[in-house]
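Peer 1: So here's start.cif (mmCIF, C-alpha atoms).
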data_work
loop_
_atom_site.group_PDB
_atom_site.id
_atom_site.type_symbol
_atom_site.label_atom_id
_atom_site.label_comp_id
_atom_site.auth_asym_id
_atom_site.auth_seq_id
_atom_site.Cartn_x
_atom_site.Cartn_y
_atom_site.Cartn_z
ATOM 1 C CA MET A 855 145.171 75.223 77.314
ATOM 2 C CA SER A 856 147.396 78.244 78.016
ATOM 3 C CA THR A 857 149.865 78.416 80.904
ATOM 4 C CA PHE A 858 147.868 81.301 82.413
ATOM 5 C CA THR A 859 144.632 79.306 82.265
ATOM 6 C CA SER A 860 146.302 76.280 83.845
ATOM 7 C CA LEU A 861 147.727 78.390 86.675
ATOM 8 C CA PHE A 862 144.357 80.050 87.240
ATOM 9 C CA LEU A 863 142.593 76.691 87.432
ATOM 10 C CA LEU A 864 145.234 75.321 89.796
ATOM 11 C CA LEU A 865 144.753 78.357 92.055
ATOM 12 C CA SER A 866 140.985 77.811 91.942
ATOM 13 C CA ILE A 867 141.455 74.183 92.936
ATOM 14 C CA LEU A 868 143.694 75.138 95.855
ATOM 15 C CA ILE A 869 141.060 77.628 97.037
ATOM 16 C CA MET A 870 138.339 74.979 96.745
ATOM 17 C CA SER A 871 140.534 72.632 98.759
ATOM 18 C CA THR A 872 140.266 74.975 101.728
ATOM 19 C CA GLN A 873 136.474 74.884 101.395
ATOM 20 C CA ALA A 874 136.108 71.109 101.522
ATOM 21 C CA PRO A 875 133.338 69.961 103.894
ATOM 22 C CA PHE A 876 134.294 69.086 107.454
ATOM 23 C CA ALA A 877 132.097 67.477 110.073
ATOM 24 C CA SER A 878 132.311 66.169 113.588
ATOM 25 C CA ALA A 879 132.301 62.433 112.968
ATOM 26 C CA ASP A 880 131.917 59.568 115.400
ATOM 27 C CA PHE A 881 133.181 56.247 114.102
ATOM 28 C CA TYR A 882 131.758 54.511 117.172
ATOM 29 C CA LYS A 883 128.281 55.744 116.213
ATOM 30 C CA ASP A 884 128.417 55.554 112.424
ATOM 31 C CA ALA A 885 130.740 52.641 111.601
ATOM 32 C CA GLU A 886 131.760 49.157 112.648
ATOM 33 C CA ILE A 887 135.043 47.329 112.149
ATOM 34 C CA THR A 888 134.362 44.217 110.098
ATOM 35 C CA TRP A 889 137.698 42.453 109.671
ATOM 36 C CA GLY A 890 141.377 42.536 110.523
ATOM 37 C CA ASP A 891 141.315 41.710 114.248
ATOM 38 C CA GLN A 892 143.275 44.466 116.033
ATOM 39 C CA ARG A 893 144.607 45.989 112.816
ATOM 40 C CA ALA A 894 141.679 48.418 112.688
ATOM 41 C CA LYS A 895 141.443 50.898 115.556
ATOM 42 C CA ILE A 896 139.028 53.682 116.467
ATOM 43 C CA LEU A 897 140.879 56.467 118.279
ATOM 44 C CA ASN A 898 140.399 59.858 119.942
ATOM 45 C CA GLY A 899 136.880 59.243 121.175
ATOM 46 C CA GLY A 900 135.616 58.089 117.783
ATOM 47 C CA ARG A 901 137.029 60.972 115.750
ATOM 48 C CA ASP A 902 139.768 58.958 114.014
ATOM 49 C CA LEU A 903 140.181 55.448 112.632
ATOM 50 C CA THR A 904 143.306 53.677 111.397
ATOM 51 C CA LEU A 905 143.578 50.609 109.192
ATOM 52 C CA SER A 906 146.748 48.516 109.054
ATOM 53 C CA LEU A 907 148.096 45.809 106.776
ATOM 54 C CA ASP A 908 150.750 43.214 107.495
ATOM 55 C CA GLN A 909 151.692 39.989 105.763
ATOM 56 C CA ALA A 910 148.971 38.073 107.631
ATOM 57 C CA SER A 911 145.983 40.331 106.933
ATOM 58 C CA GLY A 912 144.593 43.716 106.057
ATOM 59 C CA SER A 913 141.610 45.367 107.735
ATOM 60 C CA GLY A 914 138.367 47.179 107.035
ATOM 61 C CA PHE A 915 135.178 48.781 108.286
ATOM 62 C CA GLN A 916 131.699 49.621 107.043
ATOM 63 C CA SER A 917 128.913 52.057 107.815
ATOM 64 C CA LYS A 918 126.200 50.847 110.163
ATOM 65 C CA ASN A 919 123.479 52.137 107.834
ATOM 66 C CA GLU A 920 122.690 51.512 104.178
ATOM 67 C CA TYR A 921 121.770 54.414 101.902
ATOM 68 C CA LEU A 922 119.931 55.096 98.669
ATOM 69 C CA PHE A 923 121.562 58.286 97.356
ATOM 70 C CA GLY A 924 123.477 60.904 99.283
ATOM 71 C CA ARG A 925 126.782 62.680 99.708
ATOM 72 C CA PHE A 926 129.564 60.706 101.374
ATOM 73 C CA ASP A 927 132.731 62.465 102.575
ATOM 74 C CA MET A 928 135.827 60.927 104.105
ATOM 75 C CA GLN A 929 139.167 62.464 104.991
ATOM 76 C CA LEU A 930 142.133 60.167 104.358
ATOM 77 C CA LYS A 931 145.876 60.293 104.815
ATOM 78 C CA LEU A 932 147.358 57.490 102.740
ATOM 79 C CA VAL A 933 150.145 55.008 103.470
ATOM 80 C CA PRO A 934 153.469 56.895 103.258
ATOM 81 C CA GLY A 935 156.786 55.775 101.799
ATOM 82 C CA ASN A 936 157.004 52.592 99.768
ATOM 83 C CA SER A 937 153.352 51.528 99.605
ATOM 84 C CA ALA A 938 153.695 49.470 96.403
ATOM 85 C CA GLY A 939 151.241 46.582 96.227
ATOM 86 C CA THR A 940 148.815 48.041 98.773
ATOM 87 C CA VAL A 941 145.305 49.311 98.057
ATOM 88 C CA THR A 942 143.462 51.735 100.332
ATOM 89 C CA THR A 943 139.734 52.050 99.613
ATOM 90 C CA PHE A 944 136.658 54.168 100.252
ATOM 91 C CA TYR A 945 133.584 53.016 98.357
ATOM 92 C CA LEU A 946 129.862 52.300 98.325
ATOM 93 C CA SER A 947 128.464 48.847 97.595
ATOM 94 C CA SER A 948 125.313 46.794 97.796
ATOM 95 C CA GLN A 949 125.442 43.042 98.301
ATOM 96 C CA GLY A 950 124.472 39.958 96.330
ATOM 97 C CA ALA A 951 124.248 39.098 92.652
ATOM 98 C CA GLY A 952 123.856 42.075 90.359
ATOM 99 C CA HIS A 953 125.310 44.440 92.956
ATOM 100 C CA ASP A 954 125.911 48.169 92.551
ATOM 101 C CA GLU A 955 129.189 49.816 93.550
ATOM 102 C CA ILE A 956 130.924 53.213 93.395
ATOM 103 C CA ASP A 957 134.685 53.038 93.990
ATOM 104 C CA PHE A 958 137.562 55.151 95.174
ATOM 105 C CA GLU A 959 140.689 52.951 95.302
ATOM 106 C CA PHE A 960 144.144 54.355 96.046
ATOM 107 C CA LEU A 961 146.863 52.243 94.453
ATOM 108 C CA GLY A 962 150.143 52.224 96.368
ATOM 109 C CA ASN A 963 153.419 53.336 94.857
ATOM 110 C CA SER A 964 157.153 52.937 95.049
ATOM 111 C CA SER A 965 158.795 55.693 97.087
ATOM 112 C CA GLY A 966 158.897 58.909 95.096
ATOM 113 C CA SER A 967 156.205 57.884 92.610
ATOM 114 C CA PRO A 968 152.685 59.357 92.676
ATOM 115 C CA TYR A 969 149.661 57.526 94.005
ATOM 116 C CA THR A 970 147.059 56.471 91.440
ATOM 117 C CA ILE A 971 143.362 56.992 92.200
ATOM 118 C CA HIS A 972 141.321 54.236 90.589
ATOM 119 C CA THR A 973 137.585 54.945 90.141
ATOM 120 C CA ASN A 974 134.874 52.637 88.883
ATOM 121 C CA VAL A 975 131.085 52.352 88.770
ATOM 122 C CA TYR A 976 129.126 49.095 88.855
ATOM 123 C CA ALA A 977 125.421 48.849 88.054
ATOM 124 C CA GLN A 978 123.523 45.571 88.176
ATOM 125 C CA GLY A 979 126.797 43.703 88.559
ATOM 126 C CA LYS A 980 128.481 45.273 85.545
ATOM 127 C CA GLY A 981 131.537 47.501 85.950
ATOM 128 C CA ASN A 982 134.429 47.975 83.513
ATOM 129 C CA LYS A 983 134.107 51.760 83.694
ATOM 130 C CA GLU A 984 137.532 52.599 85.089
ATOM 131 C CA GLN A 985 139.142 56.009 85.142
ATOM 132 C CA GLN A 986 142.455 56.658 86.885
ATOM 133 C CA PHE A 987 144.121 59.859 88.050
ATOM 134 C CA GLN A 988 147.331 61.021 89.700
ATOM 135 C CA LEU A 989 146.959 63.763 92.276
ATOM 136 C CA TRP A 990 148.398 67.275 92.241
ATOM 137 C CA PHE A 991 149.559 66.908 95.876
ATOM 138 C CA ASP A 992 151.150 64.290 98.128
ATOM 139 C CA PRO A 993 148.213 62.458 99.777
ATOM 140 C CA THR A 994 150.474 60.969 102.467
ATOM 141 C CA LYS A 995 151.568 64.278 104.024
ATOM 142 C CA SER A 996 148.204 65.476 105.335
ATOM 143 C CA PHE A 997 144.498 64.685 105.292
ATOM 144 C CA HIS A 998 142.447 65.386 102.169
ATOM 145 C CA THR A 999 138.714 65.009 101.622
ATOM 146 C CA TYR A 1000 137.398 62.450 99.121
ATOM 147 C CA SER A 1001 133.691 62.626 98.322
ATOM 148 C CA ILE A 1002 131.056 60.716 96.392
ATOM 149 C CA VAL A 1003 127.862 62.532 95.405
ATOM 150 C CA TRP A 1004 125.230 60.045 94.260
ATOM 151 C CA ASN A 1005 121.786 61.132 93.133
ATOM 152 C CA PRO A 1006 119.322 59.853 90.527
ATOM 153 C CA GLN A 1007 120.862 62.039 87.804
ATOM 154 C CA ARG A 1008 124.608 61.553 88.251
ATOM 155 C CA ILE A 1009 127.557 60.384 90.337
ATOM 156 C CA ILE A 1010 130.309 62.922 91.041
ATOM 157 C CA PHE A 1011 133.725 61.998 92.434
ATOM 158 C CA LEU A 1012 135.418 64.895 94.244
ATOM 159 C CA VAL A 1013 138.824 65.514 95.817
ATOM 160 C CA ASP A 1014 138.875 68.417 98.269
ATOM 161 C CA ASN A 1015 135.542 69.458 96.737
ATOM 162 C CA ASN A 1016 137.052 69.541 93.232
ATOM 163 C CA PRO A 1017 135.352 67.259 90.687
ATOM 164 C CA ILE A 1018 137.558 64.646 89.066
ATOM 165 C CA ARG A 1019 134.849 62.502 87.444
ATOM 166 C CA VAL A 1020 131.156 62.604 86.550
ATOM 167 C CA PHE A 1021 129.160 59.503 85.627
ATOM 168 C CA SER A 1022 125.717 60.540 84.406
ATOM 169 C CA ASN A 1023 122.521 58.508 84.335
ATOM 170 C CA GLN A 1024 122.190 57.427 80.701
ATOM 171 C CA GLU A 1025 119.557 54.742 81.057
ATOM 172 C CA SER A 1026 117.785 56.379 78.119
ATOM 173 C CA ILE A 1027 120.420 54.841 75.824
ATOM 174 C CA GLY A 1028 120.542 51.510 77.640
ATOM 175 C CA VAL A 1029 123.398 52.144 80.108
ATOM 176 C CA PRO A 1030 122.668 50.641 83.567
ATOM 177 C CA TYR A 1031 122.749 53.115 86.463
ATOM 178 C CA PRO A 1032 122.793 52.390 90.215
ATOM 179 C CA LYS A 1033 119.478 53.726 91.493
ATOM 180 C CA SER A 1034 117.487 50.999 93.239
ATOM 181 C CA GLN A 1035 119.830 49.179 95.635
ATOM 182 C CA HIS A 1036 120.784 50.559 99.036
ATOM 183 C CA MET A 1037 124.540 50.675 99.578
ATOM 184 C CA ARG A 1038 126.808 50.791 102.616
ATOM 185 C CA VAL A 1039 130.025 52.750 102.886
ATOM 186 C CA TYR A 1040 133.083 50.495 103.039
ATOM 187 C CA ALA A 1041 136.767 51.160 103.595
ATOM 188 C CA SER A 1042 139.722 48.790 103.637
ATOM 189 C CA LEU A 1043 143.475 48.410 103.364
ATOM 190 C CA TRP A 1044 144.642 45.214 101.686
ATOM 191 C CA ASN A 1045 147.378 43.609 99.625
ATOM 192 C CA ALA A 1046 146.872 43.513 95.855
ATOM 193 C CA ASP A 1047 150.420 43.233 94.582
ATOM 194 C CA ASP A 1048 149.269 40.992 91.746
ATOM 195 C CA TRP A 1049 147.903 44.094 89.953
ATOM 196 C CA ALA A 1050 147.948 47.319 92.005
ATOM 197 C CA THR A 1051 151.370 48.835 91.196
ATOM 198 C CA GLN A 1052 152.607 48.962 87.594
ATOM 199 C CA GLY A 1053 150.247 46.135 86.676
ATOM 200 C CA GLY A 1054 151.690 43.846 89.360
ATOM 201 C CA ARG A 1055 155.321 44.224 88.338
ATOM 202 C CA VAL A 1056 156.198 45.885 91.673
ATOM 203 C CA LYS A 1057 155.458 43.699 94.702
ATOM 204 C CA THR A 1058 154.745 44.582 98.313
ATOM 205 C CA ASP A 1059 157.893 45.036 100.397
ATOM 206 C CA TRP A 1060 156.869 43.338 103.644
ATOM 207 C CA THR A 1061 159.945 44.666 105.433
ATOM 208 C CA LYS A 1062 158.070 48.002 105.458
ATOM 209 C CA ALA A 1063 155.015 46.508 107.204
ATOM 210 C CA PRO A 1064 152.812 47.288 108.969
ATOM 211 C CA PHE A 1065 151.328 49.750 106.498
ATOM 212 C CA THR A 1066 148.805 52.201 107.955
ATOM 213 C CA ALA A 1067 146.132 54.451 106.432
ATOM 214 C CA TYR A 1068 144.330 57.117 108.426
ATOM 215 C CA TYR A 1069 140.629 58.069 108.257
ATOM 216 C CA ARG A 1070 138.678 60.887 109.900
ATOM 217 C CA ASN A 1071 135.654 63.173 109.424
ATOM 218 C CA PHE A 1072 133.339 60.455 108.117
ATOM 219 C CA ASN A 1073 130.344 62.547 107.033
ATOM 220 C CA ILE A 1074 127.148 61.323 105.382
ATOM 221 C CA LYS A 1075 124.232 63.403 104.136
ATOM 222 C CA GLY A 1076 121.865 60.922 102.580
ATOM 223 C CA CYS A 1077 118.848 58.667 102.677
ATOM 224 C CA PRO A 1078 119.335 55.789 105.129
ATOM 225 C CA LYS A 1079 117.368 52.611 104.757
ATOM 226 C CA SER A 1080 114.330 52.628 107.027
ATOM 227 C CA SER A 1081 113.116 49.750 109.167
ATOM 228 C CA SER A 1082 110.578 48.937 106.451
ATOM 229 C CA GLY A 1083 113.372 48.598 103.880
ATOM 230 C CA SER A 1084 112.530 51.748 101.937
ATOM 231 C CA SER A 1085 114.459 54.997 101.651
ATOM 232 C CA SER A 1086 113.849 57.450 104.484
ATOM 233 C CA CYS A 1087 114.104 60.561 102.292
ATOM 234 C CA GLY A 1088 110.945 60.274 100.257
ATOM 235 C CA SER A 1089 110.719 62.541 97.238
ATOM 236 C CA SER A 1090 111.504 65.902 98.843
ATOM 237 C CA THR A 1091 113.556 68.375 96.817
ATOM 238 C CA SER A 1092 114.561 70.586 99.736
ATOM 239 C CA SER A 1093 116.992 73.431 99.088
ATOM 240 C CA ASN A 1094 118.474 72.914 102.559
ATOM 241 C CA SER A 1095 122.282 72.901 102.355
ATOM 242 C CA ASN A 1096 122.309 69.399 103.822
ATOM 243 C CA GLU A 1097 120.317 68.177 100.821
ATOM 244 C CA GLN A 1098 121.983 70.007 97.948
ATOM 245 C CA TRP A 1099 123.434 66.670 96.894
ATOM 246 C CA ARG A 1100 119.950 65.722 95.604
ATOM 247 C CA THR A 1101 120.330 67.887 92.514
ATOM 248 C CA HIS A 1102 124.099 68.501 92.576
ATOM 249 C CA GLU A 1103 125.554 69.168 89.140
ATOM 250 C CA LEU A 1104 128.598 71.011 87.896
ATOM 251 C CA ASP A 1105 128.415 74.706 87.126
ATOM 252 C CA ALA A 1106 130.696 76.348 84.564
ATOM 253 C CA ALA A 1107 133.552 76.698 87.069
ATOM 254 C CA GLY A 1108 133.192 73.053 88.082
ATOM 255 C CA ARG A 1109 133.299 71.916 84.466
ATOM 256 C CA ASN A 1110 136.464 73.949 83.922
ATOM 257 C CA ARG A 1111 138.111 72.347 86.953
ATOM 258 C CA LEU A 1112 137.049 68.907 85.712
ATOM 259 C CA ARG A 1113 138.577 69.601 82.289
ATOM 260 C CA TRP A 1114 141.808 70.699 83.973
ATOM 261 C CA VAL A 1115 141.987 67.489 86.010
ATOM 262 C CA HIS A 1116 141.305 65.370 82.931
ATOM 263 C CA SER A 1117 143.872 67.157 80.784
ATOM 264 C CA LYS A 1118 146.638 67.254 83.416
ATOM 265 C CA HIS A 1119 146.065 64.342 85.784
ATOM 266 C CA MET A 1120 144.039 61.578 84.097
ATOM 267 C CA VAL A 1121 146.241 58.557 83.332
ATOM 268 C CA TYR A 1122 143.623 56.066 82.150
ATOM 269 C CA ASN A 1123 140.128 56.350 80.673
ATOM 270 C CA TYR A 1124 138.276 53.229 79.594
ATOM 271 C CA CYS A 1125 136.517 55.262 76.921
ATOM 272 C CA SER A 1126 139.868 55.821 75.177
ATOM 273 C CA ASP A 1127 141.063 52.207 75.386
ATOM 274 C CA LYS A 1128 140.850 51.183 71.735
ATOM 275 C CA GLN A 1129 142.616 47.889 72.359
ATOM 276 C CA ARG A 1130 140.057 46.893 74.965
ATOM 277 C CA PHE A 1131 137.061 48.129 72.963
ATOM 278 C CA ALA A 1132 138.293 47.466 69.464
ATOM 279 C CA ASN A 1133 134.870 47.016 67.881
ATOM 280 C CA ALA A 1134 132.880 49.780 69.551
ATOM 281 C CA VAL A 1135 133.294 52.060 72.538
ATOM 282 C CA PRO A 1136 130.672 51.785 75.293
ATOM 283 C CA ALA A 1137 127.539 53.788 74.540
ATOM 284 C CA GLU A 1138 128.050 56.297 77.362
ATOM 285 C CA CYS A 1139 131.476 57.221 75.989
ATOM 286 C CA LYS A 1140 129.880 58.848 72.950
ATOM 287 C CA ARG A 1141 128.506 61.652 75.114
ATOM 288 C CA SER A 1142 130.400 64.383 76.936
ATOM 289 C CA ARG A 1143 132.028 63.238 80.178
ATOM 290 C CA PHE A 1144 131.827 66.802 81.513
ATOM 291 C CA LEU A 1145 128.007 66.893 81.936
#
Write out the structure in this file as structure tokens.
Peer 2:
Amino acid sequence: MSTFTSLFLLLSILIMSTQAPFASADFYKDAEITWGDQRAKILNGGRDLTLSLDQASGSGFQSKNEYLFGRFDMQLKLVPGNSAGTVTTFYLSSQGAGHDEIDFEFLGNSSGSPYTIHTNVYAQGKGNKEQQFQLWFDPTKSFHTYSIVWNPQRIIFLVDNNPIRVFSNQESIGVPYPKSQHMRVYASLWNADDWATQGGRVKTDWTKAPFTAYYRNFNIKGCPKSSSGSSSCGSSTSSNSNEQWRTHELDAAGRNRLRWVHSKHMVYNYCSDKQRFANAVPAECKRSRFL
């Protein structure tokens, strides 16, 4: 990729960053704190939420509703300074055996080192589909929007409305895909210094505690679970802007941005891990990851 092309794509990404979706969120209405005692706090009339971690405990919250497909946006400002050993999360998950899950995990760093975004997809209890990225900006200086688009055809991970990963439905070749279990939105801040930073070699420095992550603009456009247990969206294919997530796919510009992220900022791809998959790569890895 030429220098000119790289600069053009970076400029496109910065422009897209200014177009990331914003919404008036109310954490009191849409979420509930689930653990951490007073370490999780809803502030500013429900517009903001902070999670803190100290040596005794982390903290977390979840959405009040469960969803089957949708677009899920969250603005985060990550733990600044020496955050090694900490993990800040924003993810979807069902419960019970054979659960489904779609993960954004932000792995803390030593001061001056970049954060790592860890993504994964579980279907019917099976994950092991990790991809990791390092960002082209400092995610501790200001808020950025992290989004999950989940529809029957594909899952798209976005940062400031720029795609960083696509996981397509490939059930036709025997790859499980999360499509039948309602999931809640979860977020947490917790200690994982046994693996989070440099494979666990760098431990949490508790003299820096408490560690705090900041959340705002929690926005969901999706199909909440109805009182009968079914999805409330039915089978409509509305072109309404609030429902574009139903058929969301990448256009040519989106695929170019995705290629740029993968070539410049991907640091781990399970599909390329020959030591882990010495005999045969997973079936989905044989098809383009840009579809």
Peer 1: Against segment 1057-1080 of chain A, which residues of segment 893-935 of chain A fall within 9 Å? For each one I want the closest pair of atoms and the distance in Å (one decimal), counting only C-alpha atoms, rows by chain and increasing residue number, as CSV.
Peer 2:
residue,atom,partner,partner_atom,distance
A:Arg893,CA,A:Thr1066,CA,8.9
A:Gly900,CA,A:Arg1070,CA,8.9
A:Arg901,CA,A:Arg1070,CA,6.1
A:Asp902,CA,A:Arg1070,CA,4.7
A:Leu903,CA,A:Tyr1069,CA,5.1
A:Thr904,CA,A:Tyr1068,CA,4.7
A:Leu905,CA,A:Ala1067,CA,5.4
A:Ser906,CA,A:Thr1066,CA,4.4
A:Leu907,CA,A:Phe1065,CA,5.1
A:Asp908,CA,A:Pro1064,CA,4.8
A:Gln909,CA,A:Trp1060,CA,6.5
A:Asn919,CA,A:Pro1078,CA,6.2
A:Glu920,CA,A:Lys1079,CA,5.5
A:Tyr921,CA,A:Pro1078,CA,4.3
A:Leu922,CA,A:Cys1077,CA,5.5
A:Phe923,CA,A:Gly1076,CA,5.9
A:Gly924,CA,A:Gly1076,CA,3.7
A:Arg925,CA,A:Lys1075,CA,5.2
A:Phe926,CA,A:Ile1074,CA,4.7
A:Asp927,CA,A:Asn1073,CA,5.1
A:Met928,CA,A:Phe1072,CA,4.7
A:Gln929,CA,A:Arg1070,CA,5.2
A:Leu930,CA,A:Tyr1069,CA,4.7
A:Lys931,CA,A:Tyr1068,CA,5.1
A:Leu932,CA,A:Ala1067,CA,4.9
A:Val933,CA,A:Ala1067,CA,5.0
A:Pro934,CA,A:Thr1066,CA,8.1
A:Gly935,CA,A:Lys1062,CA,8.7
Peer 1: For segment 952-966 of chain A, list every protein, DNA or RNA residue within 6 Å, evaluated using all atoms listed in the file, and leave out those in the same chain fewer than 3 positions away; present the list as a ChimeraX atom specification.
Peer 2: /A:935-949,969-979,1032,1050
Peer 1: Suppose you want the space between atom CA of His1036 of chain A and atom CA of Ser1082 of chain A; what is it in Å?
Peer 2: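 Atom CA of His1036 of chain A sits 12.7 Å away from atom CA of Ser1082 of chain A.
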Peer 1: Rounded to one decimal place, report the atom CA of Phe881 of chain A-atom CA of Ser1042 of chain A distance in Å.
Peer 2: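 Between atom CA of Phe881 of chain A and atom CA of Ser1042 of chain A the gap is 14.4 Å.
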Peer 1: Calculate how many Å separate atom CA of Tyr1000 of chain A from atom CA of Ala1041 of chain A, rounding to one decimal.
Peer 2: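 Result for atom CA of Tyr1000 of chain A versus atom CA of Ala1041 of chain A: 12.2 Å, one decimal.
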Peer 1: Given the PyMOL selection byres ((chain A and resi 1022-1024) around 7) and the file above, list the residues it selects as a list in words.
Peer 2: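 Selected by the PyMOL selection byres ((chain A and resi 1022-1024) around 7) here: Gln1007, Arg1008, Ile1009, Val1020, Phe1021, Glu1025, Ser1026, Ile1027, Gly1028, Val1029, Tyr1031 and Glu1138 of chain A.
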Peer 1: Running the PyMOL selection byres ((chain A and resi 1119) around 6) on this model by hand, what would come out? Give it as a compact mmCIF listing (two decimals) with C-alpha atoms, keeping the file's coordinate frame.
Peer 2:
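Saved result, expr_37.txt, follows:
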# COMPACT_ATOMS: atom_id res chain seq x y z
CA PHE A 987 144.12 59.86 88.05
CA GLN A 988 147.33 61.02 89.70
CA VAL A 1115 141.99 67.49 86.01
CA HIS A 1116 141.30 65.37 82.93
CA LYS A 1118 146.64 67.25 83.42
CA MET A 1120 144.04 61.58 84.10
Peer 1: For each of A:Asn982, A:Thr1101, A:Asn1045, A:Ser996, take the minimum atom-to-atom distance to Pro1136 of chain A, counting all atoms listed in the file, then give the residue where this is smallest.
Peer 2: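 Of A:Asn982, A:Thr1101, A:Asn1045, A:Ser996, the one nearest Pro1136 of chain A, counting all atoms listed in the file, is A:Asn982.
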Peer 1: Using all atoms listed in the file, determine which residues lie at most 9 Å from Gln892 of chain A, disregarding the query and same-chain residues fewer than 3 positions distant; provide the list as an mmCIF file with C-alpha atoms, in the frame of the given file.
Peer 2:
data_model
loop_
_atom_site.group_PDB
_atom_site.id
_atom_site.type_symbol
_atom_site.label_atom_id
_atom_site.label_comp_id
_atom_site.auth_asym_id
_atom_site.auth_seq_id
_atom_site.Cartn_x
_atom_site.Cartn_y
_atom_site.Cartn_z
ATOM 1 C CA TRP A 889 137.698 42.453 109.671
ATOM 2 C CA LYS A 895 141.443 50.898 115.556
ATOM 3 C CA SER A 906 146.748 48.516 109.054
ATOM 4 C CA SER A 913 141.610 45.367 107.735
#
Peer 1: From the list A:Gln985, A:Asn1015, A:Thr888, A:Ser1001, which residue is nearest Arg1111 of chain A when using only C-alpha atoms?
Peer 2: A:Asn1015
Peer 1: Give as a list in words the residues that the PyMOL selection byres ((chain A and resi 915) around 6) matches when applied to the coordinates above.
Peer 2: Glu886, Ile887, Thr888, Gly914, Gln916, Tyr1040 and Ala1041 of chain A
Peer 1: From the list A:Tyr1122, A:Phe997, A:Trp1049, A:Trp1004, which residue is nearest Ser1034 of chain A when using only C-alpha atoms?
Peer 2: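 Ranking A:Tyr1122, A:Phe997, A:Trp1049, A:Trp1004 by distance to Ser1034 of chain A, first place goes to A:Trp1004.
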Peer 1: For Asn1123 of chain A, find every residue with an atom within 9 Å (counting all atoms listed in the file), except residues of its own chain fewer than 6 positions away, and show them as an MDAnalysis selection string.
Peer 2: chainID A and resid 983:986
Peer 1: Show me, as a PyMOL selection string, the residues that have an atom within 6 Å of Phe1011 of chain A when counting all atoms listed in the file, minus same-chain residues fewer than 2 positions from it.
Peer 2: chain A and resi 1001-1002+1017-1019
